[in-house]
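Novice: Just passing along the structure, written as structure tokens.
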Amino acid sequence: MNSSLFNKDLWKEIIESIRSNGFRTIITAFGVFWGIFILVLLLAASNGLKNGILRSFEGTATNTVFVWAQGISKSYKGLPKGRRYQFDVKDANALRKNIKGLKTVSPRNRLGGYGSSNSVQYKLNSGSYSIYGDYPEILTQQSLGMQAGRFMNYSDIDKKRKVAIIGIGVKNELFTNGEKVLGEYIKIQGVSFKVVGIYKNNSSGGGDAIEKQKEIFIPFTTYDQAFNNGNKVGFFAITADDNHTISSLKEPIMALLRKRHDIHPEDKRAIGNFDLFEMFKKVSGLFIALTGVAYFVGFLILISGIIGISNIMLIVIKERTKEIGVRRALGATPGNIRSQVLIESLFLTIISGMAGVSFATFLISILNLILDKIDNPDMMFANPSVSLINIAVALFILTICGLLAGLIPAQTAIKIKPIEALRNE
Amino acid sequence: MIEIKDLHKSYQMGSNSLHVLKGIDFNVQEGELVSIMGSSGSGKSTLLNIIGILDEADQGTYTLDNTVIKNLNEKVAAEYRNKFLGFIFQSFNLITYKNAVDNVALPLYYQGVNRKERNEKALHYLEKVGLANWATHLPNELSGGQKQRVAIARALASDPKVLLADEPTGALDTKTSYEVMELIQNINDEGKTILIVTHEPDIAQMTKRIVDLKDGLIINDTRIEPVKAIAHV
């Protein structure tokens, strides 16, 4: 009869009894407030760390594998082991044609091979930078935010124009501030290239952010001609479409490449690869674990708050023994009393929990304001935040905890006999 | 209204058993105003607890308004208390953070009566005890006599068959006691059955029947012509 949660009278009873113990109620509720506050902050912090780390993947197609040629380790079809081979542009077309589910196959060349850099001059200044020969599609795999000018296009590829797109880091080192950059010529290994664009790599964070601003992109065909490369391909950046994971397509890709280059099907070492998706998954997994730890620690702190509420409810019930006895004498059933105590503790828990959530989100938003002002690409911490799902989970935990907190006091309360009310002290 | 036959009750005190009620036979008709007297330890409070369905007898039968009171679970006991009985306590036992009208309405709340009807009834009973103007006051703003009047209004609110008063004047001065007794007499005149436990002879003289309890037995049961309390106010 009076058990409905939306019974106005029941709530009136509860508010009245909470108000009659005002100060103590607030002190107790602080325990839960603090618990949920820490929980939300921890979640936000782990989220911030996650955002900071994953920022290095930002704008990069993570569903990507890099494939390059290595030494052959098994003799096959009469060919000796230990021979060298190289990919060429035809491999790219074969991959596009034969493997379903690929979005982009970018043949790439890097001047001097992996890890090397090359001297580049402009007037009297010089520096060493990585030089890439690329197709325009590389923009879908790497996030290069154009700061000025343009990126390469197929007209550059077809006409083998000697144009270069330089990183903001290159620009800062070779050119003095305010100097005209676009349209100027830089010399890469003695060959002159016209600067047509300046980019800034958006995938900041992760340590090599500064290096990534010091790269130079030139058209693949120009690279071939200028550095006498002869259609060879240094490595492929292969991205799968959204319906496939690149990890699942890796085997067919490898098999096709082995076949085209007469490599033994068992020769695992002949083709080198780096699976960005696997790595991304590993890093993401790390943060799932971190979020788990945040929940665990926050939950433990929350429990101490819950125990506080349970404790104070017990004391309050001891003090209100007489009142409960009177209510029983006037016709309150044990169920009436139990639901009152339970809802009272639930109410306290949720109100103080909500206050904790609000205060924590308030702090986080202030922190975000401060972090927004600091634009450091190498910072491993970005945009700490809690999702609505996290809040929902926190509220769910609170509700359960509130009920648990009320359970013992409620059992104590219904053991009070109405006879207590008649006892005169 | 109340029929009690051969009622026994003992309490376990460690290894000893304390035989408090040793075979009580006791009947109350509708409309009676009975006082139960006795020194402390005579068993009068135990008797009142059993009549009030706050405690259960070990042996014997208790019938209240043709309903046998036996082996009730807590829920049914609460329902019967609410329906059949109104309690008046020595220390008033008003709920301190509720105002007069909310206190009076409490039994109706547990009956599931809606707010509007509850407050109307509560105000009606407050009017009956002469405290309509104090409806929104908290108990600590009322005098002892006023508090007991509120408590009486609360006991009446659920329109019970029997009013049970445990030393209703025990915490009041003589003048206020008589005022409260006058109110109780008036309520009885309207036909309500009332039981009063008291150890004050002058209060007992204001009832229609005095039952003396000693060592768990009724030793005397006399009908008297009640002294009108109004004469002493």
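Just so we're on the same page: first chain in the structure tokens is A, next is B, and so on; residues restart at 1 for each chain, and ligands are numbered from 1 in the order they show up.
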May I have all residues of range 17-232 of chain B that DSSP, computed from the backbone, assigns to helix (DSSP H, G or I), given as an mmCIF file with N, CA and C atoms, in the first residue's frame?

Specialist:
data_model
loop_
_atom_site.group_PDB
_atom_site.id
_atom_site.type_symbol
_atom_site.label_atom_id
_atom_site.label_comp_id
_atom_site.auth_asym_id
_atom_site.auth_seq_id
_atom_site.Cartn_x
_atom_site.Cartn_y
_atom_site.Cartn_z
ATOM 1 N N LYS B 44 0.220 -5.667 35.534
ATOM 2 C CA LYS B 44 -0.750 -4.863 34.789
ATOM 3 C C LYS B 44 -0.216 -4.425 33.430
ATOM 4 N N SER B 45 1.070 -4.108 33.368
ATOM 5 C CA SER B 45 1.626 -3.716 32.068
ATOM 6 C C SER B 45 1.659 -4.882 31.100
ATOM 7 N N THR B 46 1.985 -6.076 31.643
ATOM 8 C CA THR B 46 2.002 -7.267 30.804
ATOM 9 C C THR B 46 0.614 -7.528 30.232
ATOM 10 N N LEU B 47 -0.395 -7.380 31.113
ATOM 11 C CA LEU B 47 -1.770 -7.580 30.674
ATOM 12 C C LEU B 47 -2.114 -6.597 29.548
ATOM 13 N N LEU B 48 -1.726 -5.349 29.756
ATOM 14 C CA LEU B 48 -2.018 -4.325 28.752
ATOM 15 C C LEU B 48 -1.304 -4.651 27.434
ATOM 16 N N ASN B 49 -0.047 -5.134 27.519
ATOM 17 C CA ASN B 49 0.697 -5.497 26.308
ATOM 18 C C ASN B 49 0.002 -6.604 25.537
ATOM 19 N N ILE B 50 -0.560 -7.555 26.309
ATOM 20 C CA ILE B 50 -1.232 -8.666 25.622
ATOM 21 C C ILE B 50 -2.528 -8.174 24.989
ATOM 22 N N ILE B 51 -3.269 -7.345 25.747
ATOM 23 C CA ILE B 51 -4.505 -6.796 25.180
ATOM 24 C C ILE B 51 -4.185 -5.939 23.948
ATOM 25 N N GLU B 74 3.659 -10.752 12.259
ATOM 26 C CA GLU B 74 3.870 -9.323 12.547
ATOM 27 C C GLU B 74 2.965 -8.439 11.699
ATOM 28 N N LYS B 75 2.756 -8.869 10.475
ATOM 29 C CA LYS B 75 1.997 -8.023 9.558
ATOM 30 C C LYS B 75 0.532 -7.945 9.970
ATOM 31 N N VAL B 76 -0.028 -9.118 10.299
ATOM 32 C CA VAL B 76 -1.428 -9.155 10.708
ATOM 33 C C VAL B 76 -1.591 -8.449 12.057
ATOM 34 N N ALA B 77 -0.613 -8.666 12.955
ATOM 35 C CA ALA B 77 -0.660 -8.002 14.257
ATOM 36 C C ALA B 77 -0.705 -6.498 14.071
ATOM 37 N N ALA B 78 0.128 -5.991 13.158
ATOM 38 C CA ALA B 78 0.158 -4.548 12.899
ATOM 39 C C ALA B 78 -1.192 -4.080 12.367
ATOM 40 N N GLU B 79 -1.771 -4.900 11.501
ATOM 41 C CA GLU B 79 -3.059 -4.536 10.908
ATOM 42 C C GLU B 79 -4.146 -4.481 11.994
ATOM 43 N N TYR B 80 -4.135 -5.498 12.891
ATOM 44 C CA TYR B 80 -5.135 -5.543 13.964
ATOM 45 C C TYR B 80 -4.961 -4.374 14.921
ATOM 46 N N ARG B 81 -3.695 -4.086 15.264
ATOM 47 C CA ARG B 81 -3.442 -2.949 16.157
ATOM 48 C C ARG B 81 -4.021 -1.691 15.566
ATOM 49 N N ASN B 82 -3.786 -1.538 14.260
ATOM 50 C CA ASN B 82 -4.235 -0.338 13.581
ATOM 51 C C ASN B 82 -5.760 -0.267 13.553
ATOM 52 N N LYS B 83 -6.385 -1.417 13.348
ATOM 53 C CA LYS B 83 -7.828 -1.442 13.130
ATOM 54 C C LYS B 83 -8.608 -1.414 14.453
ATOM 55 N N PHE B 84 -8.112 -2.193 15.456
ATOM 56 C CA PHE B 84 -8.879 -2.392 16.674
ATOM 57 C C PHE B 84 -8.488 -1.459 17.811
ATOM 58 N N ALA B 100 1.486 18.563 14.781
ATOM 59 C CA ALA B 100 0.368 17.901 15.460
ATOM 60 C C ALA B 100 -0.499 17.142 14.467
ATOM 61 N N VAL B 101 -0.858 17.794 13.373
ATOM 62 C CA VAL B 101 -1.806 17.150 12.462
ATOM 63 C C VAL B 101 -1.168 15.924 11.785
ATOM 64 N N ASP B 102 0.133 16.005 11.476
ATOM 65 C CA ASP B 102 0.804 14.853 10.862
ATOM 66 C C ASP B 102 0.914 13.699 11.849
ATOM 67 N N ASN B 103 1.135 14.031 13.128
ATOM 68 C CA ASN B 103 1.186 12.993 14.145
ATOM 69 C C ASN B 103 -0.152 12.275 14.238
ATOM 70 N N VAL B 104 -1.221 13.057 14.245
ATOM 71 C CA VAL B 104 -2.551 12.460 14.364
ATOM 72 C C VAL B 104 -2.860 11.600 13.131
ATOM 73 N N ALA B 105 -2.341 12.026 11.990
ATOM 74 C CA ALA B 105 -2.670 11.332 10.738
ATOM 75 C C ALA B 105 -1.883 10.042 10.545
ATOM 76 N N LEU B 106 -0.866 9.812 11.390
ATOM 77 C CA LEU B 106 0.039 8.680 11.171
ATOM 78 C C LEU B 106 -0.658 7.310 11.075
ATOM 79 N N PRO B 107 -1.594 6.985 12.004
ATOM 80 C CA PRO B 107 -2.268 5.679 11.868
ATOM 81 C C PRO B 107 -3.017 5.556 10.546
ATOM 82 N N LEU B 108 -3.547 6.690 10.072
ATOM 83 C CA LEU B 108 -4.275 6.678 8.803
ATOM 84 C C LEU B 108 -3.312 6.475 7.648
ATOM 85 N N TYR B 109 -2.100 7.025 7.792
ATOM 86 C CA TYR B 109 -1.065 6.815 6.776
ATOM 87 C C TYR B 109 -0.790 5.328 6.617
ATOM 88 N N TYR B 110 -0.688 4.631 7.759
ATOM 89 C CA TYR B 110 -0.410 3.197 7.678
ATOM 90 C C TYR B 110 -1.627 2.406 7.227
ATOM 91 N N GLN B 111 -2.797 3.039 7.226
ATOM 92 C CA GLN B 111 -3.981 2.377 6.674
ATOM 93 C C GLN B 111 -4.048 2.563 5.169
ATOM 94 N N ARG B 115 -3.840 11.419 1.340
ATOM 95 C CA ARG B 115 -3.409 12.578 2.123
ATOM 96 C C ARG B 115 -4.569 13.514 2.497
ATOM 97 N N LYS B 116 -5.407 13.804 1.535
ATOM 98 C CA LYS B 116 -6.459 14.794 1.745
ATOM 99 C C LYS B 116 -7.418 14.323 2.844
ATOM 100 N N GLU B 117 -7.870 13.087 2.655
ATOM 101 C CA GLU B 117 -8.822 12.522 3.603
ATOM 102 C C GLU B 117 -8.192 12.398 4.986
ATOM 103 N N ARG B 118 -6.904 12.034 4.981
ATOM 104 C CA ARG B 118 -6.149 11.861 6.215
ATOM 105 C C ARG B 118 -6.108 13.156 7.003
ATOM 106 N N ASN B 119 -5.747 14.228 6.305
ATOM 107 C CA ASN B 119 -5.611 15.512 6.984
ATOM 108 C C ASN B 119 -6.966 16.023 7.466
ATOM 109 N N GLU B 120 -8.013 15.763 6.683
ATOM 110 C CA GLU B 120 -9.356 16.174 7.109
ATOM 111 C C GLU B 120 -9.733 15.495 8.410
ATOM 112 N N LYS B 121 -9.528 14.159 8.417
ATOM 113 C CA LYS B 121 -9.867 13.385 9.616
ATOM 114 C C LYS B 121 -9.038 13.840 10.810
ATOM 115 N N ALA B 122 -7.715 13.997 10.559
ATOM 116 C CA ALA B 122 -6.806 14.376 11.645
ATOM 117 C C ALA B 122 -7.238 15.705 12.243
ATOM 118 N N LEU B 123 -7.613 16.649 11.379
ATOM 119 C CA LEU B 123 -8.039 17.958 11.863
ATOM 120 C C LEU B 123 -9.330 17.857 12.669
ATOM 121 N N HIS B 124 -10.184 16.971 12.189
ATOM 122 C CA HIS B 124 -11.444 16.741 12.897
ATOM 123 C C HIS B 124 -11.167 16.289 14.335
ATOM 124 N N TYR B 125 -10.231 15.332 14.474
ATOM 125 C CA TYR B 125 -9.955 14.817 15.818
ATOM 126 C C TYR B 125 -9.199 15.831 16.669
ATOM 127 N N LEU B 126 -8.353 16.625 16.021
ATOM 128 C CA LEU B 126 -7.668 17.684 16.777
ATOM 129 C C LEU B 126 -8.695 18.676 17.312
ATOM 130 N N GLU B 127 -9.709 18.952 16.513
ATOM 131 C CA GLU B 127 -10.783 19.845 16.920
ATOM 132 C C GLU B 127 -11.502 19.265 18.139
ATOM 133 N N LYS B 128 -11.708 17.950 18.048
ATOM 134 C CA LYS B 128 -12.406 17.238 19.128
ATOM 135 C C LYS B 128 -11.662 17.372 20.459
ATOM 136 N N ALA B 132 -7.436 22.471 17.507
ATOM 137 C CA ALA B 132 -7.468 22.768 16.072
ATOM 138 C C ALA B 132 -6.518 23.915 15.726
ATOM 139 N N ASN B 133 -6.374 24.857 16.637
ATOM 140 C CA ASN B 133 -5.500 26.003 16.362
ATOM 141 C C ASN B 133 -4.018 25.667 16.448
ATOM 142 N N TRP B 134 -3.724 24.483 16.974
ATOM 143 C CA TRP B 134 -2.317 24.095 17.155
ATOM 144 C C TRP B 134 -1.886 23.069 16.109
ATOM 145 N N PRO B 139 5.573 19.139 18.355
ATOM 146 C CA PRO B 139 5.352 18.722 19.745
ATOM 147 C C PRO B 139 6.101 19.581 20.769
ATOM 148 N N ASN B 140 7.338 20.013 20.438
ATOM 149 C CA ASN B 140 8.083 20.769 21.452
ATOM 150 C C ASN B 140 7.555 22.186 21.643
ATOM 151 N N GLU B 141 6.561 22.535 20.849
ATOM 152 C CA GLU B 141 5.928 23.847 21.054
ATOM 153 C C GLU B 141 4.639 23.715 21.869
ATOM 154 N N GLY B 144 2.618 19.789 28.118
ATOM 155 C CA GLY B 144 2.417 18.360 28.360
ATOM 156 C C GLY B 144 0.975 17.947 28.123
ATOM 157 N N GLY B 145 0.040 18.739 28.648
ATOM 158 C CA GLY B 145 -1.380 18.420 28.488
ATOM 159 C C GLY B 145 -1.776 18.431 27.028
ATOM 160 N N GLN B 146 -1.253 19.431 26.317
ATOM 161 C CA GLN B 146 -1.574 19.519 24.885
ATOM 162 C C GLN B 146 -1.020 18.326 24.129
ATOM 163 N N LYS B 147 0.220 17.925 24.505
ATOM 164 C CA LYS B 147 0.821 16.769 23.831
ATOM 165 C C LYS B 147 -0.048 15.539 24.028
ATOM 166 N N GLN B 148 -0.539 15.341 25.287
ATOM 167 C CA GLN B 148 -1.344 14.156 25.543
ATOM 168 C C GLN B 148 -2.656 14.232 24.777
ATOM 169 N N ARG B 149 -3.183 15.442 24.589
ATOM 170 C CA ARG B 149 -4.407 15.593 23.796
ATOM 171 C C ARG B 149 -4.144 15.211 22.332
ATOM 172 N N VAL B 150 -2.992 15.651 21.840
ATOM 173 C CA VAL B 150 -2.641 15.261 20.466
ATOM 174 C C VAL B 150 -2.548 13.737 20.375
ATOM 175 N N ALA B 151 -1.914 13.135 21.410
ATOM 176 C CA ALA B 151 -1.755 11.682 21.420
ATOM 177 C C ALA B 151 -3.118 10.991 21.447
ATOM 178 N N ILE B 152 -4.058 11.584 22.206
ATOM 179 C CA ILE B 152 -5.404 10.999 22.273
ATOM 180 C C ILE B 152 -6.084 11.121 20.903
ATOM 181 N N ALA B 153 -5.907 12.282 20.281
ATOM 182 C CA ALA B 153 -6.471 12.470 18.940
ATOM 183 C C ALA B 153 -5.896 11.435 17.984
ATOM 184 N N ARG B 154 -4.582 11.169 18.117
ATOM 185 C CA ARG B 154 -3.934 10.185 17.259
ATOM 186 C C ARG B 154 -4.521 8.789 17.501
ATOM 187 N N ALA B 155 -4.750 8.466 18.816
ATOM 188 C CA ALA B 155 -5.308 7.157 19.143
ATOM 189 C C ALA B 155 -6.706 7.011 18.566
ATOM 190 N N LEU B 156 -7.429 8.144 18.463
ATOM 191 C CA LEU B 156 -8.799 8.091 17.956
ATOM 192 C C LEU B 156 -8.859 8.054 16.437
ATOM 193 N N ALA B 157 -7.769 8.500 15.803
ATOM 194 C CA ALA B 157 -7.800 8.784 14.371
ATOM 195 C C ALA B 157 -8.263 7.594 13.531
ATOM 196 N N THR B 174 -1.559 17.564 38.463
ATOM 197 C CA THR B 174 -2.920 17.166 38.833
ATOM 198 C C THR B 174 -3.971 17.845 37.969
ATOM 199 N N LYS B 175 -3.827 19.173 37.806
ATOM 200 C CA LYS B 175 -4.844 19.923 37.073
ATOM 201 C C LYS B 175 -4.935 19.423 35.630
ATOM 202 N N THR B 176 -3.756 19.279 35.029
ATOM 203 C CA THR B 176 -3.733 18.805 33.639
ATOM 204 C C THR B 176 -4.252 17.378 33.559
ATOM 205 N N SER B 177 -3.902 16.557 34.582
ATOM 206 C CA SER B 177 -4.382 15.175 34.615
ATOM 207 C C SER B 177 -5.901 15.149 34.538
ATOM 208 N N TYR B 178 -6.529 16.006 35.337
ATOM 209 C CA TYR B 178 -7.990 16.003 35.371
ATOM 210 C C TYR B 178 -8.561 16.482 34.039
ATOM 211 N N GLU B 179 -7.877 17.427 33.428
ATOM 212 C CA GLU B 179 -8.340 17.891 32.111
ATOM 213 C C GLU B 179 -8.307 16.749 31.105
ATOM 214 N N VAL B 180 -7.203 15.969 31.160
ATOM 215 C CA VAL B 180 -7.080 14.836 30.252
ATOM 216 C C VAL B 180 -8.154 13.798 30.567
ATOM 217 N N MET B 181 -8.394 13.570 31.862
ATOM 218 C CA MET B 181 -9.416 12.587 32.261
ATOM 219 C C MET B 181 -10.801 13.038 31.814
ATOM 220 N N GLU B 182 -11.019 14.355 31.866
ATOM 221 C CA GLU B 182 -12.307 14.871 31.414
ATOM 222 C C GLU B 182 -12.521 14.521 29.938
ATOM 223 N N LEU B 183 -11.434 14.718 29.167
ATOM 224 C CA LEU B 183 -11.492 14.394 27.745
ATOM 225 C C LEU B 183 -11.780 12.905 27.534
ATOM 226 N N ILE B 184 -11.089 12.074 28.350
ATOM 227 C CA ILE B 184 -11.271 10.629 28.222
ATOM 228 C C ILE B 184 -12.712 10.241 28.584
ATOM 229 N N GLN B 185 -13.230 10.873 29.634
ATOM 230 C CA GLN B 185 -14.632 10.601 30.024
ATOM 231 C C GLN B 185 -15.597 10.991 28.909
ATOM 232 N N ASN B 186 -15.334 12.129 28.293
ATOM 233 C CA ASN B 186 -16.204 12.573 27.187
ATOM 234 C C ASN B 186 -16.187 11.583 26.033
ATOM 235 N N ILE B 187 -14.978 11.104 25.725
ATOM 236 C CA ILE B 187 -14.858 10.142 24.625
ATOM 237 C C ILE B 187 -15.614 8.867 24.976
ATOM 238 N N ASN B 188 -15.506 8.461 26.251
ATOM 239 C CA ASN B 188 -16.223 7.266 26.701
ATOM 240 C C ASN B 188 -17.736 7.475 26.619
ATOM 241 N N ASP B 189 -18.162 8.700 26.947
ATOM 242 C CA ASP B 189 -19.598 9.006 26.890
ATOM 243 C C ASP B 189 -20.132 8.840 25.474
ATOM 244 N N PRO B 201 -5.023 6.447 42.547
ATOM 245 C CA PRO B 201 -6.412 6.131 42.946
ATOM 246 C C PRO B 201 -7.415 7.188 42.486
ATOM 247 N N ASP B 202 -7.012 8.485 42.503
ATOM 248 C CA ASP B 202 -7.982 9.505 42.114
ATOM 249 C C ASP B 202 -8.337 9.404 40.638
ATOM 250 N N ILE B 203 -7.360 8.961 39.833
ATOM 251 C CA ILE B 203 -7.636 8.759 38.408
ATOM 252 C C ILE B 203 -8.576 7.566 38.248
ATOM 253 N N ALA B 204 -8.295 6.486 39.028
ATOM 254 C CA ALA B 204 -9.124 5.289 38.950
ATOM 255 C C ALA B 204 -10.572 5.598 39.338
ATOM 256 N N ALA B 229 -14.643 14.312 36.229
ATOM 257 C CA ALA B 229 -13.403 15.080 36.280
ATOM 258 C C ALA B 229 -13.685 16.568 36.153
ATOM 259 N N ILE B 230 -14.740 16.896 35.427
ATOM 260 C CA ILE B 230 -15.033 18.314 35.177
ATOM 261 C C ILE B 230 -15.231 19.080 36.488
ATOM 262 N N ALA B 231 -15.684 18.360 37.522
ATOM 263 C CA ALA B 231 -15.918 19.002 38.809
ATOM 264 C C ALA B 231 -14.621 19.468 39.453
#

Novice: When you look at Ala165 in chain B with a cut-off of 7 Å (counting only C-alpha atoms), what residues show up, excluding the ones that are within fewer than 3 positions of it in the same chain? I need them as a ChimeraX atom specification.

Specialist: /B:87-89,168,195-197

Novice: Show me a table, sorted first by chain and then by increasing residue number, of the residues of chain A having an atom at most 6 Å from chain B, each with its shortest atom pair and the distance in Å to one decimal, counting only C-alpha atoms and written as CSV.

Specialist:
residue,atom,partner,partner_atom,distance
A:Met1,CA,B:Gly112,CA,5.9
A:Leu330,CA,B:Pro107,CA,5.3
A:Gly331,CA,B:Asn82,CA,4.3
A:Ala332,CA,B:Tyr110,CA,5.6
A:Thr333,CA,B:Lys75,CA,5.1
A:Ile419,CA,B:Leu54,CA,5.5

Novice: Just the number, please: distance in Å from CA of Ala413 in chain A to CA of Trp11 in chain A, one decimal.

Specialist: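 So the answer is 18.2 Å.
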
Novice: Report the distance between CA of Val67 in chain A and CA of Arg108 in chain A in Å, rounded to one decimal place.

Specialist: 10.1 Å

Novice: Any idea what's packed within 7 Å of range 307-317 of chain A, counting only C-alpha atoms, ignoring anything in its chain fewer than 5 positions away? Could you give it as JSON, numbers by chain?

Specialist: {"A": [28, 29, 31, 405, 406, 409, 413]}

Novice: Please identify all polymer residues within 9 Å of Ile324 in chain A, counting only C-alpha atoms, omitting same-chain residues fewer than 4 positions from it, and present them as a count of residues only.

Specialist: 13

Novice: What are the DSSP strand (DSSP E) residues of range 13-168 of chain B, as a PyMOL selection string?

Specialist: chain B and resi 13+16-28+33-37+59-64+67-68+85-88+162-166

Novice: Between CA of Phe381 in chain A and CA of Arg55 in chain A, measure the distance and give it in Å to one decimal.

Specialist: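 Answer for the CA of Phe381 in chain A to CA of Arg55 in chain A separation: 9.2 Å.
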
Novice: Measuring atom to atom with only C-alpha atoms, identify which of A:Val195, A:Leu102, A:Val170, A:Ala164 is nearest to Ser126 in chain A.

Specialist: A:Val170

Novice: So which one's closest to Glu225 in chain B, B:Gly23, B:Arg209, B:Asn16, B:Ala135? Using only C-alpha atoms, please.

Specialist: B:Arg209

Novice: Excluding same-chain residues fewer than 5 positions from range 129-143 of chain A, what lies within 7 Å of it counting only C-alpha atoms, as an mmCIF file with N, CA and C atoms, in the first residue's frame?

Specialist:
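Saved the output as result18.cif:
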data_model
loop_
_atom_site.group_PDB
_atom_site.id
_atom_site.type_symbol
_atom_site.label_atom_id
_atom_site.label_comp_id
_atom_site.auth_asym_id
_atom_site.auth_seq_id
_atom_site.Cartn_x
_atom_site.Cartn_y
_atom_site.Cartn_z
ATOM 1 N N GLY A 59 44.265 10.118 -36.667
ATOM 2 C CA GLY A 59 44.403 10.487 -38.070
ATOM 3 C C GLY A 59 45.126 9.433 -38.872
ATOM 4 N N THR A 60 45.710 8.453 -38.172
ATOM 5 C CA THR A 60 46.372 7.370 -38.874
ATOM 6 C C THR A 60 45.360 6.260 -39.050
ATOM 7 N N ALA A 61 45.314 5.671 -40.231
ATOM 8 C CA ALA A 61 44.430 4.530 -40.406
ATOM 9 C C ALA A 61 45.052 3.384 -39.636
ATOM 10 N N SER A 106 49.269 1.533 -50.723
ATOM 11 C CA SER A 106 50.185 2.603 -51.092
ATOM 12 C C SER A 106 51.594 2.060 -51.217
ATOM 13 N N PRO A 107 52.139 2.066 -52.441
ATOM 14 C CA PRO A 107 53.552 1.748 -52.564
ATOM 15 C C PRO A 107 54.363 2.941 -52.086
ATOM 16 N N ARG A 108 55.383 2.701 -51.321
ATOM 17 C CA ARG A 108 56.142 3.827 -50.778
ATOM 18 C C ARG A 108 57.641 3.547 -50.926
ATOM 19 N N ASN A 109 58.367 4.635 -51.032
ATOM 20 C CA ASN A 109 59.819 4.514 -51.007
ATOM 21 C C ASN A 109 60.380 5.497 -50.000
ATOM 22 N N ARG A 110 61.449 5.073 -49.377
ATOM 23 C CA ARG A 110 62.083 5.976 -48.447
ATOM 24 C C ARG A 110 63.536 6.066 -48.858
ATOM 25 N N LEU A 111 64.002 7.250 -49.044
ATOM 26 C CA LEU A 111 65.350 7.448 -49.535
ATOM 27 C C LEU A 111 66.357 6.934 -48.513
ATOM 28 N N SER A 116 67.061 5.987 -42.118
ATOM 29 C CA SER A 116 68.120 6.885 -42.577
ATOM 30 C C SER A 116 67.531 8.268 -42.852
ATOM 31 N N SER A 117 68.398 9.248 -42.884
ATOM 32 C CA SER A 117 67.933 10.580 -43.258
ATOM 33 C C SER A 117 68.943 11.170 -44.247
ATOM 34 N N ASN A 118 68.496 12.168 -44.940
ATOM 35 C CA ASN A 118 69.296 12.678 -46.045
ATOM 36 C C ASN A 118 69.452 14.175 -45.970
ATOM 37 N N SER A 119 70.578 14.611 -46.417
ATOM 38 C CA SER A 119 70.885 16.029 -46.343
ATOM 39 C C SER A 119 70.033 16.806 -47.347
ATOM 40 N N VAL A 120 69.440 17.857 -46.848
ATOM 41 C CA VAL A 120 68.612 18.720 -47.680
ATOM 42 C C VAL A 120 69.100 20.149 -47.501
ATOM 43 N N MET A 152 50.447 16.639 -52.869
ATOM 44 C CA MET A 152 50.660 16.218 -54.263
ATOM 45 C C MET A 152 49.351 15.695 -54.850
ATOM 46 N N ASN A 153 49.258 15.667 -56.179
ATOM 47 C CA ASN A 153 48.086 15.093 -56.822
ATOM 48 C C ASN A 153 48.536 14.219 -57.998
ATOM 49 N N TYR A 154 47.537 13.624 -58.701
ATOM 50 C CA TYR A 154 47.912 12.685 -59.761
ATOM 51 C C TYR A 154 48.567 13.369 -60.964
ATOM 52 N N ASN A 201 51.952 17.154 -38.967
ATOM 53 C CA ASN A 201 51.438 15.816 -38.659
ATOM 54 C C ASN A 201 50.574 15.879 -37.407
ATOM 55 N N ASN A 202 49.322 15.459 -37.563
ATOM 56 C CA ASN A 202 48.376 15.574 -36.449
ATOM 57 C C ASN A 202 48.521 14.477 -35.420
ATOM 58 N N SER A 203 49.111 13.353 -35.829
ATOM 59 C CA SER A 203 49.211 12.270 -34.869
ATOM 60 C C SER A 203 50.354 12.553 -33.912
ATOM 61 N N LYS A 214 59.403 16.375 -39.368
ATOM 62 C CA LYS A 214 60.634 16.619 -40.148
ATOM 63 C C LYS A 214 60.752 15.628 -41.292
ATOM 64 N N GLU A 215 59.655 15.459 -42.025
ATOM 65 C CA GLU A 215 59.679 14.548 -43.163
ATOM 66 C C GLU A 215 59.323 15.326 -44.426
ATOM 67 N N ILE A 216 59.783 14.806 -45.564
ATOM 68 C CA ILE A 216 59.493 15.461 -46.850
ATOM 69 C C ILE A 216 58.854 14.442 -47.773
ATOM 70 N N PHE A 217 57.715 14.801 -48.360
ATOM 71 C CA PHE A 217 57.014 13.911 -49.287
ATOM 72 C C PHE A 217 57.178 14.426 -50.722
ATOM 73 N N ILE A 218 57.570 13.500 -51.626
ATOM 74 C CA ILE A 218 57.646 13.869 -53.039
ATOM 75 C C ILE A 218 56.869 12.819 -53.835
ATOM 76 N N PRO A 219 56.387 13.127 -55.044
ATOM 77 C CA PRO A 219 55.628 12.146 -55.825
ATOM 78 C C PRO A 219 56.452 10.898 -56.089
ATOM 79 N N PHE A 220 55.753 9.719 -56.049
ATOM 80 C CA PHE A 220 56.416 8.438 -56.191
ATOM 81 C C PHE A 220 57.194 8.343 -57.506
ATOM 82 N N TYR A 223 60.271 10.447 -57.534
ATOM 83 C CA TYR A 223 61.285 9.769 -56.719
ATOM 84 C C TYR A 223 62.023 8.741 -57.583
#

Novice: What lies within 12 Å of Ile343 in chain A using only C-alpha atoms, ignoring chain neighbours under 5 positions off, as a ChimeraX atom specification?

Specialist: /A:3-7,10-15,17-18,313,335-338,348-351,399-407,409-410

Novice: Skip Ser73 in chain A itself and residues of its chain fewer than 2 positions away, then list as a list of chain:residue names all residues within 10 Å of it, counting only C-alpha atoms.

Specialist: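 Skipping anything fewer than 2 positions along the chain leaves A:Gln70, A:Gly71, A:Ser75, A:Tyr76, A:Pro80, A:Lys81, A:Gly82, A:Arg83, A:Arg84, A:Ile263, A:His264, A:Glu266, A:Asp267, A:Lys268, A:Arg269, A:Ala270.
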